[in-house]
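Structure record follows, encoded as structure tokens.
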Amino acid sequence: MQRRINLTHHWLDKKLESGARQVALRLSRRSFITKLGALLVGTASFPLLPISRVAAQTADLTFEDSPDLTGDAADPKSCDYWRHCAIDGFISSCCGGTTTSCPPGTEMSAVSWIGTCTNPADGHKYLISYNDCCGKSPCGRCHCNENESDRPIYVTPKSNDVNWCMAAKNHQYNSTVALVLGIAEE
Amino acid sequence: MTFIKLIVINKFVCLVLTVFSVISLCQAQSYDRAGKVEILPETPGEHWVWVGNPREGFGLIDAGNNTYLGKIDTAGNGGRPLSSPDGREYYFPSVYYARGTYGERTTVLSVYNARTLAVEEDIVIPSKMHGALTPYGANDLTDDGRFLAVFNITPATSISIIDLEKRRFAGEIETPGCSLVYGISDRQFMMICANGSFQTITLDDDGNELSRERTDIIFDPEVDPVTEKPVRYGNQLLFVSYAGLVYPVDISRSTPRFGNTWSLFDDPDQQQQWQIAGVQHQAIHAQTGRVYALMHLTGPDSQPDPNARGGQAIWIFDVRKQERIATFQVPHHAPSAAREALMLEKGSFFGDMVEQYGMQELPNLGANNIQLTQGDNPLLLVATIKPSGVSVLDPETGAFLYQLDGVKGNNILLP
């Protein structure tokens, strides 16, 4: 019975992960959540799933901050860095990683939650994926608790209070990155 | 015999008597022996509280006489210690790695002896347990203490059921779309669902799912979600929303029923000026039906998430009348923390000067946790994170009584 549950979870997770990834790359967070919400109300058998980190990391490899950014909004180690409007945890940049990479020896979480932050350089809102870096004890440096549009734990894709290392090999939380997925539609 | 000889003999006899007296005293004196270990009394004290978190463990403290009684070691990111109804055992689900921070992962429900605080037994459960900020909803007991549920998220959601009578993992129940667990009867757990409804899982006597029921949508999670931290008032759970709306739910029957909501705020202006605040933002003294709520004064830097806001005030509500009856100030821990940081003695000239200056100049970031002990002589406990500390207040007047010695601000939970 346990094996059957695990297989079902695995199949469901893979199906929904793939679907969620495609949807998030095309849509704004608001419309993304709206669609997931409709899916949830209508068909309660599907659990909510946030974005996979694979496409997210690919999307952020070419995104560079504008040189027009100044002050804390331009500092990746600051809680007021423009991407950190909804980050809750230790900043990977302070822990041996960067804004888009995890510290040595950790594993980037396969699931995360999505926030929307305004880039002051161009005034656009961007979808930010807050993937956790897993597998080591908490970094303890540069803790931020920003919560724009954060929701309680039971609204899982919108909660930064959940341990997003839940699907990693090692569930220990070390730090968090902030990956730009794309521009959020109005 | 000459006089001198008599004196000498007398002196010798006195000396001998003195020596024997000393030896007698020495024989009456007892010394310490190694190996003694304290055992807690059979009946928990009315002012006992747990203070801590899963990662660092939980200290058991008698808040009534400011005494640290002992601790249980725990591991992982979620959960709170639970007590058997007879008070003989405590339970906590911990996540362990074979080599401390890596290696094979095992999740166990540990059973602690309530008197020795030693682990008596570990029951292995699936390693899917949820880990998050809130101490509530990660695990809970049925009212009769027979079954314990642990909430899982992988991110698929489910609950693990442990049969405490048979000391075994009974099984896992999938709960797509719904999260967290709250025991509401001898065989039921309630869960909160992502679309704003609630789900009730009913178990049979073996811990398997007998039935489940879902309510209509009760609240809008996008507009005004309820927090995950209800308080229990008899056969009611009281959930509170981000905007301060109280959602009472009657759990006395097999199907929970939600009653009319009421607001913690008198008017919209007050609702703009104040917000609920804290990780543990409310506590209840069930005997008198009083709810104590942490309130944050809204400002330009106020966080949208109540967990991230400190409460500068405590509002007291009569649940039966649904109205506020009193307001207290939250203690300002920063002045005493500044004095300690400067290594000044409490009550000294410079120590008092620093504290007075601190009262005027240092910001009061507010409290993050609030708790009430139960019974006829309750105490109000308030924890702050910045700086870290736990204060004990008079729940009738809000008067500061004392700060718990050497206790860092953290979750405050009732055994």
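Chain identifiers are assigned as A, B, and so on, following the order in which chains appear in the structure tokens; residues are numbered from 1 within each chain, and ligands are numbered from 1 in order of appearance.
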Hey, could you make a per-residue contact list for chain B against chain A with 6 Å as the cut-off, showing the nearest pair of atoms and its distance in Å to one decimal, counting only C-alpha atoms, sorted by chain and number, as JSON lines?
{"residue": "B:Gly131", "atom": "CA", "partner": "A:Asn163", "partner_atom": "CA", "distance": 5.5}
{"residue": "B:Ala132", "atom": "CA", "partner": "A:Val162", "partner_atom": "CA", "distance": 4.7}
{"residue": "B:Leu133", "atom": "CA", "partner": "A:Asp161", "partner_atom": "CA", "distance": 5.6}
{"residue": "B:Thr154", "atom": "CA", "partner": "A:Met166", "partner_atom": "CA", "distance": 5.4}
{"residue": "B:Ala156", "atom": "CA", "partner": "A:Pro47", "partner_atom": "CA", "distance": 5.7}
{"residue": "B:Pro176", "atom": "CA", "partner": "A:Pro47", "partner_atom": "CA", "distance": 4.9}
{"residue": "B:Gly177", "atom": "CA", "partner": "A:Pro47", "partner_atom": "CA", "distance": 5.0}
{"residue": "B:Ser179", "atom": "CA", "partner": "A:Tyr154", "partner_atom": "CA", "distance": 5.2}
{"residue": "B:Ala194", "atom": "CA", "partner": "A:Val155", "partner_atom": "CA", "distance": 4.8}
{"residue": "B:Pro304", "atom": "CA", "partner": "A:Asn147", "partner_atom": "CA", "distance": 6.0}
{"residue": "B:Asp305", "atom": "CA", "partner": "A:Asn147", "partner_atom": "CA", "distance": 5.8}
Problem set entry | Contacts of Gly171 of chain B at 10 Å (only C-alpha atoms; same-chain gap of 6+ positions) as a PyMOL selection string | (chain A and resi 1-2) or (chain B and resi 125-126+149+159-163+206-209)
Deliver the residues from the most recent selection as a file, using N, CA and C atoms, as a JSON list (two decimals), in the first residue's frame.
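Final file, again_32.json:
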[["chain", "number", "residue", "atom", "x", "y", "z"],
["A", 1, "MET", "N", 0.85, -1.21, 0.00],
["A", 1, "MET", "CA", 0.00, 0.00, 0.00],
["A", 1, "MET", "C", 0.88, 1.26, 0.00],
["A", 2, "GLN", "N", 1.93, 1.22, 0.82],
["A", 2, "GLN", "CA", 2.82, 2.37, 0.90],
["A", 2, "GLN", "C", 3.51, 2.59, -0.45],
["B", 125, "ILE", "N", 8.14, 6.67, 11.42],
["B", 125, "ILE", "CA", 7.05, 7.09, 10.52],
["B", 125, "ILE", "C", 7.68, 7.56, 9.21],
["B", 126, "PRO", "N", 6.88, 7.69, 8.14],
["B", 126, "PRO", "CA", 7.46, 8.14, 6.85],
["B", 126, "PRO", "C", 8.14, 9.49, 6.99],
["B", 149, "ALA", "N", -1.56, 12.52, 14.84],
["B", 149, "ALA", "CA", -1.43, 12.76, 13.40],
["B", 149, "ALA", "C", -0.26, 13.71, 13.16],
["B", 159, "ILE", "N", -1.44, 12.89, 5.79],
["B", 159, "ILE", "CA", -1.21, 12.84, 7.23],
["B", 159, "ILE", "C", -0.80, 11.42, 7.62],
["B", 160, "SER", "N", 0.17, 11.32, 8.52],
["B", 160, "SER", "CA", 0.58, 10.03, 9.07],
["B", 160, "SER", "C", -0.13, 9.84, 10.39],
["B", 161, "ILE", "N", -0.71, 8.67, 10.59],
["B", 161, "ILE", "CA", -1.45, 8.38, 11.82],
["B", 161, "ILE", "C", -0.66, 7.39, 12.65],
["B", 162, "ILE", "N", -0.45, 7.72, 13.92],
["B", 162, "ILE", "CA", 0.26, 6.82, 14.84],
["B", 162, "ILE", "C", -0.71, 6.37, 15.91],
["B", 163, "ASP", "N", -0.78, 5.07, 16.11],
["B", 163, "ASP", "CA", -1.64, 4.48, 17.15],
["B", 163, "ASP", "C", -0.79, 4.42, 18.43],
["B", 206, "ASP", "N", -8.94, 1.61, 14.26],
["B", 206, "ASP", "CA", -7.60, 1.13, 13.89],
["B", 206, "ASP", "C", -6.75, 2.26, 13.32],
["B", 207, "GLY", "N", -7.33, 3.45, 13.25],
["B", 207, "GLY", "CA", -6.58, 4.58, 12.72],
["B", 207, "GLY", "C", -6.66, 4.74, 11.22],
["B", 208, "ASN", "N", -7.51, 3.95, 10.58],
["B", 208, "ASN", "CA", -7.71, 4.09, 9.14],
["B", 208, "ASN", "C", -8.82, 5.11, 8.87],
["B", 209, "GLU", "N", -8.82, 5.66, 7.67],
["B", 209, "GLU", "CA", -9.85, 6.64, 7.34],
["B", 209, "GLU", "C", -11.21, 5.97, 7.25]]
For this session: For Ile123 of chain B, list every protein, DNA or RNA residue within 7 Å, evaluated using only C-alpha atoms, and leave out those in the same chain fewer than 5 positions away; present the list as number ranges by chain.
Result: B: 108-110, 167-169
Please produce a file of those selected residues containing N, CA and C atoms, as a PDB file, in the first residue's frame.
ATOM      1  N   VAL B 108      10.990   9.886  13.390  1.00  0.00           N
ATOM      2  CA  VAL B 108      10.401   9.069  14.450  1.00  0.00           C
ATOM      3  C   VAL B 108       9.475   9.920  15.299  1.00  0.00           C
ATOM      4  N   LEU B 109       8.433   9.265  15.814  1.00  0.00           N
ATOM      5  CA  LEU B 109       7.651   9.892  16.868  1.00  0.00           C
ATOM      6  C   LEU B 109       8.261   9.408  18.163  1.00  0.00           C
ATOM      7  N   SER B 110       8.867  10.326  18.915  1.00  0.00           N
ATOM      8  CA  SER B 110       9.487   9.943  20.179  1.00  0.00           C
ATOM      9  C   SER B 110       8.481  10.036  21.308  1.00  0.00           C
ATOM     10  N   ARG B 167       1.234   1.436  19.879  1.00  0.00           N
ATOM     11  CA  ARG B 167       2.613   1.866  19.637  1.00  0.00           C
ATOM     12  C   ARG B 167       3.076   1.512  18.222  1.00  0.00           C
ATOM     13  N   ARG B 168       2.291   1.905  17.226  1.00  0.00           N
ATOM     14  CA  ARG B 168       2.680   1.578  15.862  1.00  0.00           C
ATOM     15  C   ARG B 168       2.198   2.658  14.903  1.00  0.00           C
ATOM     16  N   PHE B 169       2.891   2.717  13.748  1.00  0.00           N
ATOM     17  CA  PHE B 169       2.456   3.580  12.670  1.00  0.00           C
ATOM     18  C   PHE B 169       1.246   2.914  12.024  1.00  0.00           C
TER      19      PHE B 169
END
Exercise. Contacts of Arg83 of chain A at 12 Å or less, counting only C-alpha atoms, minus same-chain residues fewer than 2 places along, as an MDAnalysis selection string?
Worked result: chainID A and resid 63:65 69 72:81 85:88 91 99:100 114:121 124:130 144 146:148 176:181
Emit the selected residues as an mmCIF file, in the first residue's frame, including C-alpha atoms.
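That gives us result.cif:
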data_model
loop_
_atom_site.group_PDB
_atom_site.id
_atom_site.type_symbol
_atom_site.label_atom_id
_atom_site.label_comp_id
_atom_site.auth_asym_id
_atom_site.auth_seq_id
_atom_site.Cartn_x
_atom_site.Cartn_y
_atom_site.Cartn_z
ATOM 1 C CA PHE A 63 19.114 38.077 -16.601
ATOM 2 C CA GLU A 64 21.436 40.784 -15.379
ATOM 3 C CA ASP A 65 20.636 43.625 -13.085
ATOM 4 C CA LEU A 69 20.158 50.265 -9.865
ATOM 5 C CA ASP A 72 20.262 48.594 -1.242
ATOM 6 C CA ALA A 73 18.024 47.793 -4.204
ATOM 7 C CA ALA A 74 21.182 46.899 -6.112
ATOM 8 C CA ASP A 75 22.868 44.954 -3.296
ATOM 9 C CA PRO A 76 22.274 41.172 -3.525
ATOM 10 C CA LYS A 77 23.250 40.844 0.138
ATOM 11 C CA SER A 78 20.613 43.261 1.337
ATOM 12 C CA CYS A 79 17.059 42.464 2.415
ATOM 13 C CA ASP A 80 16.034 45.470 0.332
ATOM 14 C CA TYR A 81 17.576 44.057 -2.862
ATOM 15 C CA CYS A 85 10.608 41.562 -1.706
ATOM 16 C CA ALA A 86 9.205 38.209 -0.585
ATOM 17 C CA ILE A 87 12.209 36.266 0.638
ATOM 18 C CA ASP A 88 12.097 34.559 4.045
ATOM 19 C CA ILE A 91 20.440 35.000 1.515
ATOM 20 C CA THR A 99 21.667 35.290 -6.070
ATOM 21 C CA THR A 100 21.198 32.490 -8.577
ATOM 22 C CA ILE A 114 6.907 32.354 -6.487
ATOM 23 C CA GLY A 115 6.814 36.017 -5.584
ATOM 24 C CA THR A 116 6.378 39.145 -7.686
ATOM 25 C CA CYS A 117 8.802 42.031 -7.208
ATOM 26 C CA THR A 118 9.043 45.414 -8.904
ATOM 27 C CA ASN A 119 12.389 46.189 -10.475
ATOM 28 C CA PRO A 120 13.038 49.889 -9.766
ATOM 29 C CA ALA A 121 15.358 50.091 -12.784
ATOM 30 C CA HIS A 124 8.275 46.234 -14.332
ATOM 31 C CA LYS A 125 7.083 43.456 -12.062
ATOM 32 C CA TYR A 126 9.019 40.216 -12.312
ATOM 33 C CA LEU A 127 8.252 36.677 -11.216
ATOM 34 C CA ILE A 128 10.873 35.596 -8.684
ATOM 35 C CA SER A 129 11.423 31.959 -7.753
ATOM 36 C CA TYR A 130 12.715 31.524 -4.200
ATOM 37 C CA CYS A 144 15.570 38.444 5.753
ATOM 38 C CA GLU A 146 10.069 40.011 3.584
ATOM 39 C CA ASN A 147 6.556 38.927 2.856
ATOM 40 C CA GLU A 148 4.945 40.680 -0.065
ATOM 41 C CA THR A 176 17.631 30.808 -0.416
ATOM 42 C CA VAL A 177 18.256 32.121 -3.932
ATOM 43 C CA ALA A 178 16.099 34.504 -5.982
ATOM 44 C CA LEU A 179 15.734 33.515 -9.628
ATOM 45 C CA VAL A 180 14.071 35.779 -12.165
ATOM 46 C CA LEU A 181 11.605 33.728 -14.210
#
Problem set entry | Who sits within 9 Å of Asp73 of chain B, only C-alpha atoms, same chain under 3 positions skipped, as a ChimeraX atom specification | /B:54-59
Would you save the residues from that selection as a JSON list (two decimals), in the first residue's frame, using C-alpha atoms?
[["chain", "number", "residue", "atom", "x", "y", "z"],
["B", 54, "PRO", "CA", 12.25, 21.76, 17.10],
["B", 55, "ARG", "CA", 15.83, 22.47, 16.11],
["B", 56, "GLU", "CA", 17.14, 23.44, 19.55],
["B", 57, "GLY", "CA", 14.81, 21.40, 21.70],
["B", 58, "PHE", "CA", 12.26, 22.50, 24.28],
["B", 59, "GLY", "CA", 12.96, 23.59, 27.83]]
Exercise. Looking only at the backbone, which of the residues in segment 61-154 of chain A does DSSP tag as helix (DSSP H, G or I), as an MDAnalysis selection string?
Worked result: chainID A and resid 71:74 82:84 92:94
Based on the selection just made, write C-alpha atoms of those residues as a JSON list (two decimals), in the first residue's frame.
[["chain", "number", "residue", "atom", "x", "y", "z"],
["A", 71, "GLY", "CA", 21.74, 51.57, -3.05],
["A", 72, "ASP", "CA", 20.26, 48.59, -1.24],
["A", 73, "ALA", "CA", 18.02, 47.79, -4.20],
["A", 74, "ALA", "CA", 21.18, 46.90, -6.11],
["A", 82, "TRP", "CA", 14.86, 44.42, -5.46],
["A", 83, "ARG", "CA", 14.43, 40.64, -5.90],
["A", 84, "HIS", "CA", 14.06, 40.04, -2.18],
["A", 92, "SER", "CA", 22.53, 32.58, -0.52],
["A", 93, "SER", "CA", 24.86, 35.43, -1.56],
["A", 94, "CYS", "CA", 25.99, 35.69, 2.07]]
Problem set entry | Pairwise distance for atom CA of Lys229 of chain B and atom CA of Gly89 of chain A, rounded to one decimal in Å | 21.3 Å
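Residues lying within 9 Å of Ser83 of chain B, counting only C-alpha atoms and ignoring same-chain neighbours fewer than 2 positions away, are B:Pro81, B:Pro85, B:Asp86, B:Gly87, B:Arg88, B:Glu89, B:Tyr90, B:Tyr91, B:Ala114, B:Leu141, B:Gly145, B:Leu414, B:Pro415.
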Write out, as an mmCIF file, in the first residue's frame, the residues just selected, with N, CA, C and O atoms.
data_model
loop_
_atom_site.group_PDB
_atom_site.id
_atom_site.type_symbol
_atom_site.label_atom_id
_atom_site.label_comp_id
_atom_site.auth_asym_id
_atom_site.auth_seq_id
_atom_site.Cartn_x
_atom_site.Cartn_y
_atom_site.Cartn_z
ATOM 1 N N PRO B 81 5.601 19.809 21.294
ATOM 2 C CA PRO B 81 5.415 18.677 22.225
ATOM 3 C C PRO B 81 3.941 18.535 22.578
ATOM 4 O O PRO B 81 3.249 19.517 22.822
ATOM 5 N N PRO B 85 -3.231 12.374 27.748
ATOM 6 C CA PRO B 85 -4.267 12.902 28.651
ATOM 7 C C PRO B 85 -3.972 12.648 30.134
ATOM 8 O O PRO B 85 -4.346 13.454 30.978
ATOM 9 N N ASP B 86 -3.287 11.556 30.447
ATOM 10 C CA ASP B 86 -2.983 11.271 31.857
ATOM 11 C C ASP B 86 -1.687 11.946 32.313
ATOM 12 O O ASP B 86 -1.281 11.803 33.462
ATOM 13 N N GLY B 87 -1.046 12.676 31.421
ATOM 14 C CA GLY B 87 0.150 13.424 31.805
ATOM 15 C C GLY B 87 1.393 12.586 32.000
ATOM 16 O O GLY B 87 2.411 13.095 32.475
ATOM 17 N N ARG B 88 1.352 11.300 31.638
ATOM 18 C CA ARG B 88 2.507 10.434 31.887
ATOM 19 C C ARG B 88 3.538 10.490 30.777
ATOM 20 O O ARG B 88 4.681 10.076 30.951
ATOM 21 N N GLU B 89 3.126 10.951 29.589
ATOM 22 C CA GLU B 89 4.028 10.927 28.438
ATOM 23 C C GLU B 89 3.948 12.225 27.653
ATOM 24 O O GLU B 89 2.917 12.894 27.636
ATOM 25 N N TYR B 90 5.056 12.534 26.992
ATOM 26 C CA TYR B 90 5.084 13.603 26.005
ATOM 27 C C TYR B 90 5.454 12.974 24.664
ATOM 28 O O TYR B 90 6.160 11.966 24.619
ATOM 29 N N TYR B 91 4.999 13.632 23.582
ATOM 30 C CA TYR B 91 5.263 13.112 22.246
ATOM 31 C C TYR B 91 5.814 14.222 21.362
ATOM 32 O O TYR B 91 5.358 15.368 21.432
ATOM 33 N N ALA B 114 7.255 11.458 31.120
ATOM 34 C CA ALA B 114 7.004 12.829 31.590
ATOM 35 C C ALA B 114 7.732 13.138 32.896
ATOM 36 O O ALA B 114 7.880 14.295 33.262
ATOM 37 N N LEU B 141 -3.096 15.538 18.587
ATOM 38 C CA LEU B 141 -3.674 14.315 19.141
ATOM 39 C C LEU B 141 -5.184 14.328 18.998
ATOM 40 O O LEU B 141 -5.803 15.396 18.997
ATOM 41 N N GLY B 145 -6.409 10.968 23.152
ATOM 42 C CA GLY B 145 -4.990 10.633 23.162
ATOM 43 C C GLY B 145 -4.644 9.315 22.493
ATOM 44 O O GLY B 145 -3.500 8.873 22.575
ATOM 45 N N LEU B 414 1.955 24.949 25.961
ATOM 46 C CA LEU B 414 1.480 24.330 27.201
ATOM 47 C C LEU B 414 1.685 22.822 27.133
ATOM 48 O O LEU B 414 1.405 22.209 26.103
ATOM 49 N N PRO B 415 2.155 22.207 28.226
ATOM 50 C CA PRO B 415 2.290 20.741 28.233
ATOM 51 C C PRO B 415 0.929 20.064 28.129
ATOM 52 O O PRO B 415 -0.078 20.651 28.496
#
For this session: Quick one: everything within 9 Å of segment 319-321 of chain B, counting only C-alpha atoms, minus sequence neighbours fewer than 3 positions away in the same chain. Send it as a ChimeraX atom specification.
Result: /B:233,288-291,324
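Taking atom CA of Arg232 of chain B as the reference point, atom CA of Leu294 of chain B is found at 16.9 Å.
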